[in-house]
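Participant: Okay, here's the structure, questions in a sec.
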Amino acid sequence: MSDTDYTKGQILFEEENHKVIWLGWEKEEGAGAIQTNQYLVVHGTKGILLDPGGVHLFPRVVAIISRYIDIDNIETILFSHQDPDVSSGIALWLGVTKAEIYISELWMRFVPHFGLVDFSRLKGIADAGGSVHLSSGADIEMLPAHYLHSPGNFSFFDPLSGILFSSDIGGAVFPDNEHYLYVDNFETHLPLIEGFHQRLMTSNKVCANWAGRMKKKPVAMIAPQHGAIYKGESVNAFFSWLSDLKCGSDILEKFI
Ligand SMILES: [Fe+2]
Ligand SMILES: [Fe+2]
């Protein structure tokens, strides 16, 4: 890790009325839990929180959010899928914000098992996706990413910043205490993503389909839920690699 204090988070994009903030890492990744990334989009005075994660991250995530926005002004929370590292803090987030929470309609009846209390603020995303609108004016696109890895999975795209919040797609597993925020060299980053994608992603068909759709968007950065953020040349390098990847059912004999 460089001298940058990554526990404080970092602004990924900033214009007068629009900011995207990466919400930092824990000082030490605890008890074998995989490192995760949380993101906040602020437009005017309103905000959208993406994949805020579980209970043990809550103090750090809330502290960094509070530097940029009043927590009461978070209008929307987006969950890319139902995994505990994404959505197990749902009851807590419903308690401290007034936000509506969006998740694939496939998982609506499953997340209450994480302790949900207010079903009226839970919104199902239809399989075809759509967009979510902030009252201050911005829209975030909800793009199908089914079977990558969850059967009901979405990536989210912010057209104002060009940041694609890709969920587990693009995720890296860092060795202990060896973190970096941006992928500077795709070839040296590859060993950290290869096994993760081979085991978690469903098949080449779904990988190539997603990469083909995303390549048509003006993507400036790919911000995954684990590992480092792709920008510059590493964006297209990742799309190309994923398009050719054999994984999941393609190489099933490797896992059984
Ligand atoms: Fe996941
Ligand atoms: Fe994940």
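Labels for the structure tokens follow display order: chains A, B, ..., residues from 1 in each chain, ligands from 1.
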I'd like a table as a tab-separated table: residues in region 204-224 of chain A with an atom no more than 12 Å from region 27-48 of chain A, each row giving the shortest atom pair and its distance in Å to one decimal, only C-alpha atoms counted, sorted by chain and rising residue number.

Facilitator:
```
residue	atom	partner	partner_atom	distance
A:Ile222	CA	A:Tyr39	CA	12.0
A:Ala223	CA	A:Asn37	CA	8.3
A:Pro224	CA	A:Asn37	CA	7.1
```

Participant: Find the residues around region 122-139 of chain A up to 9 Å (only C-alpha atoms counted), leave out those fewer than 3 positions away in its own chain, and share them as a PyMOL selection string.

Facilitator: chain A and resi 18+43-48+75-76+100-108+118-119+142-144+146+152-154+156-160

Participant: Please write out the residues within 10 Å of ligand 1 as a list in words, counting only C-alpha atoms and all ligand atoms.

Facilitator: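 Protein and nucleic-acid residues within 10 Å of ligand 1: Ser80, His81, Gln82, Asp83, Pro84, Asp85, Val86, Ser87, Leu148, His149, Ser150, Asn153, Ser167, Asp168, Ile169, Gly171, Leu200, Met201, Gln225 and His226 of chain A.
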
Participant: Just list as a ChimeraX atom specification whatever in region 1-168 of chain A DSSP marks as strand (DSSP E).

Facilitator: /A:10-15,18-22,39-43,46-50,74-78,100-104,122-125,130-133,139-144,154-158,163-167

Participant: Next, dump the selected residues to file, keeping only C-alpha atoms, as a CSV table (one decimal), in the first residue's frame.

Facilitator:
```csv
chain,number,residue,atom,x,y,z
A,10,GLN,CA,-11.2,9.2,-1.9
A,11,ILE,CA,-13.1,11.3,-4.5
A,12,LEU,CA,-13.1,9.4,-7.8
A,13,PHE,CA,-15.0,12.1,-9.8
A,14,GLU,CA,-15.8,15.7,-9.0
A,15,GLU,CA,-17.7,18.4,-10.9
A,18,HIS,CA,-21.7,15.9,-9.0
A,19,LYS,CA,-19.3,13.8,-7.0
A,20,VAL,CA,-18.5,10.1,-6.8
A,21,ILE,CA,-16.7,8.9,-3.6
A,22,TRP,CA,-15.0,5.6,-2.9
A,39,TYR,CA,-19.4,3.9,-3.2
A,40,LEU,CA,-21.4,7.1,-2.8
A,41,VAL,CA,-22.8,9.3,-5.6
A,42,VAL,CA,-23.7,12.8,-4.6
A,43,HIS,CA,-25.7,15.1,-6.9
A,46,LYS,CA,-28.9,14.2,-2.5
A,47,GLY,CA,-27.1,10.9,-2.6
A,48,ILE,CA,-27.1,7.3,-3.7
A,49,LEU,CA,-25.2,4.7,-1.8
A,50,LEU,CA,-24.0,1.5,-3.6
A,74,ILE,CA,-29.4,9.5,1.0
A,75,GLU,CA,-32.5,8.9,-1.1
A,76,THR,CA,-31.5,5.5,-2.5
A,77,ILE,CA,-29.4,2.5,-1.7
A,78,LEU,CA,-28.6,0.1,-4.5
A,100,GLU,CA,-35.5,3.3,-0.5
A,101,ILE,CA,-33.5,0.1,-1.2
A,102,TYR,CA,-33.3,-1.4,-4.7
A,103,ILE,CA,-32.4,-5.1,-5.3
A,104,SER,CA,-33.3,-7.6,-8.0
A,122,LEU,CA,-37.7,-2.3,-0.5
A,123,LYS,CA,-38.0,-1.9,-4.3
A,124,GLY,CA,-37.6,-4.8,-6.7
A,125,ILE,CA,-35.6,-4.3,-9.9
A,130,GLY,CA,-34.1,0.5,-15.7
A,131,SER,CA,-32.9,3.6,-14.0
A,132,VAL,CA,-33.3,5.3,-10.7
A,133,HIS,CA,-33.8,9.0,-10.4
A,139,ASP,CA,-30.2,9.3,-13.0
A,140,ILE,CA,-28.3,6.0,-12.4
A,141,GLU,CA,-28.8,3.2,-14.9
A,142,MET,CA,-29.5,-0.3,-13.6
A,143,LEU,CA,-28.0,-2.7,-16.0
A,144,PRO,CA,-28.6,-6.5,-16.0
A,154,PHE,CA,-27.1,-5.7,-11.6
A,155,SER,CA,-24.3,-3.3,-12.5
A,156,PHE,CA,-25.0,0.4,-12.1
A,157,PHE,CA,-23.8,3.1,-14.5
A,158,ASP,CA,-23.5,6.8,-13.7
A,163,ILE,CA,-18.2,5.2,-13.7
A,164,LEU,CA,-19.5,1.7,-14.0
A,165,PHE,CA,-20.2,0.1,-10.6
A,166,SER,CA,-19.7,-3.4,-11.7
A,167,SER,CA,-20.5,-5.4,-8.5
```

Participant: Would you mind reading off the distance between CA of Ser240 (chain A) and CA of Ile193 (chain A), one decimal, in Å?

Facilitator: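 These two atoms are separated by 13.9 Å.
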
Participant: Can you pull out every residue within 12 Å of Asn236 (chain A), counting only C-alpha atoms, but drop anything in the same chain fewer than 3 positions away, and send it as a ChimeraX atom specification?

Facilitator: /A:170,186,211-212,214-222,230-233,239-243

Participant: From the list A:His197, A:Asn17, A:His113, A:Val96, which residue is nearest ligand 2 when using only C-alpha atoms and all ligand atoms?

Facilitator: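 Residue with the minimum atom-to-atom distance to ligand 2: A:His197.
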
Participant: Pick out the residues sitting within 10 Å of Ile251 (chain A), and hand them over as a PyMOL selection string; count only C-alpha atoms, and ignore anything fewer than 5 positions along from it in its own chain.

Facilitator: chain A and resi 198-199+202-204+246+256

Participant: Select from region 48-196 of chain A everything DSSP, run on the backbone, classes as alpha helix (DSSP H), then give the selection as an mmCIF file with C-alpha atoms, in the first residue's frame.

Facilitator:
```cif
data_model
loop_
_atom_site.group_PDB
_atom_site.id
_atom_site.type_symbol
_atom_site.label_atom_id
_atom_site.label_comp_id
_atom_site.auth_asym_id
_atom_site.auth_seq_id
_atom_site.Cartn_x
_atom_site.Cartn_y
_atom_site.Cartn_z
ATOM 1 C CA PHE A 58 -20.909 0.333 9.256
ATOM 2 C CA PRO A 59 -18.969 2.795 11.525
ATOM 3 C CA ARG A 60 -16.342 3.533 8.855
ATOM 4 C CA VAL A 61 -18.857 3.802 5.989
ATOM 5 C CA VAL A 62 -21.139 6.159 7.952
ATOM 6 C CA ALA A 63 -18.191 8.307 9.085
ATOM 7 C CA ILE A 64 -16.922 8.847 5.536
ATOM 8 C CA ILE A 65 -20.408 9.431 4.093
ATOM 9 C CA SER A 66 -20.969 12.143 6.724
ATOM 10 C CA ARG A 67 -18.080 14.183 5.340
ATOM 11 C CA TYR A 68 -19.907 14.601 2.050
ATOM 12 C CA PRO A 84 -23.950 -10.880 2.718
ATOM 13 C CA ASP A 85 -20.918 -8.725 1.832
ATOM 14 C CA VAL A 86 -23.345 -6.496 -0.126
ATOM 15 C CA SER A 87 -26.631 -6.497 1.707
ATOM 16 C CA ILE A 90 -29.946 -3.857 5.298
ATOM 17 C CA ALA A 91 -31.813 -3.474 8.616
ATOM 18 C CA LEU A 92 -29.190 -1.060 9.903
ATOM 19 C CA TRP A 93 -29.279 1.074 6.750
ATOM 20 C CA LEU A 94 -33.066 1.219 6.792
ATOM 21 C CA GLY A 95 -32.811 2.350 10.399
ATOM 22 C CA VAL A 96 -30.345 5.209 9.950
ATOM 23 C CA PHE A 186 -3.674 -4.964 -16.184
ATOM 24 C CA GLU A 187 -1.139 -7.778 -16.734
ATOM 25 C CA THR A 188 0.225 -7.577 -13.191
ATOM 26 C CA HIS A 189 -3.319 -7.279 -11.778
ATOM 27 C CA LEU A 190 -4.514 -10.382 -13.643
ATOM 28 C CA PRO A 191 -3.323 -13.009 -11.114
ATOM 29 C CA LEU A 192 -5.537 -11.326 -8.482
ATOM 30 C CA ILE A 193 -8.733 -11.610 -10.552
ATOM 31 C CA GLU A 194 -8.294 -14.808 -12.528
ATOM 32 C CA GLY A 195 -9.238 -17.452 -9.929
ATOM 33 C CA PHE A 196 -12.044 -15.283 -8.523
#
```
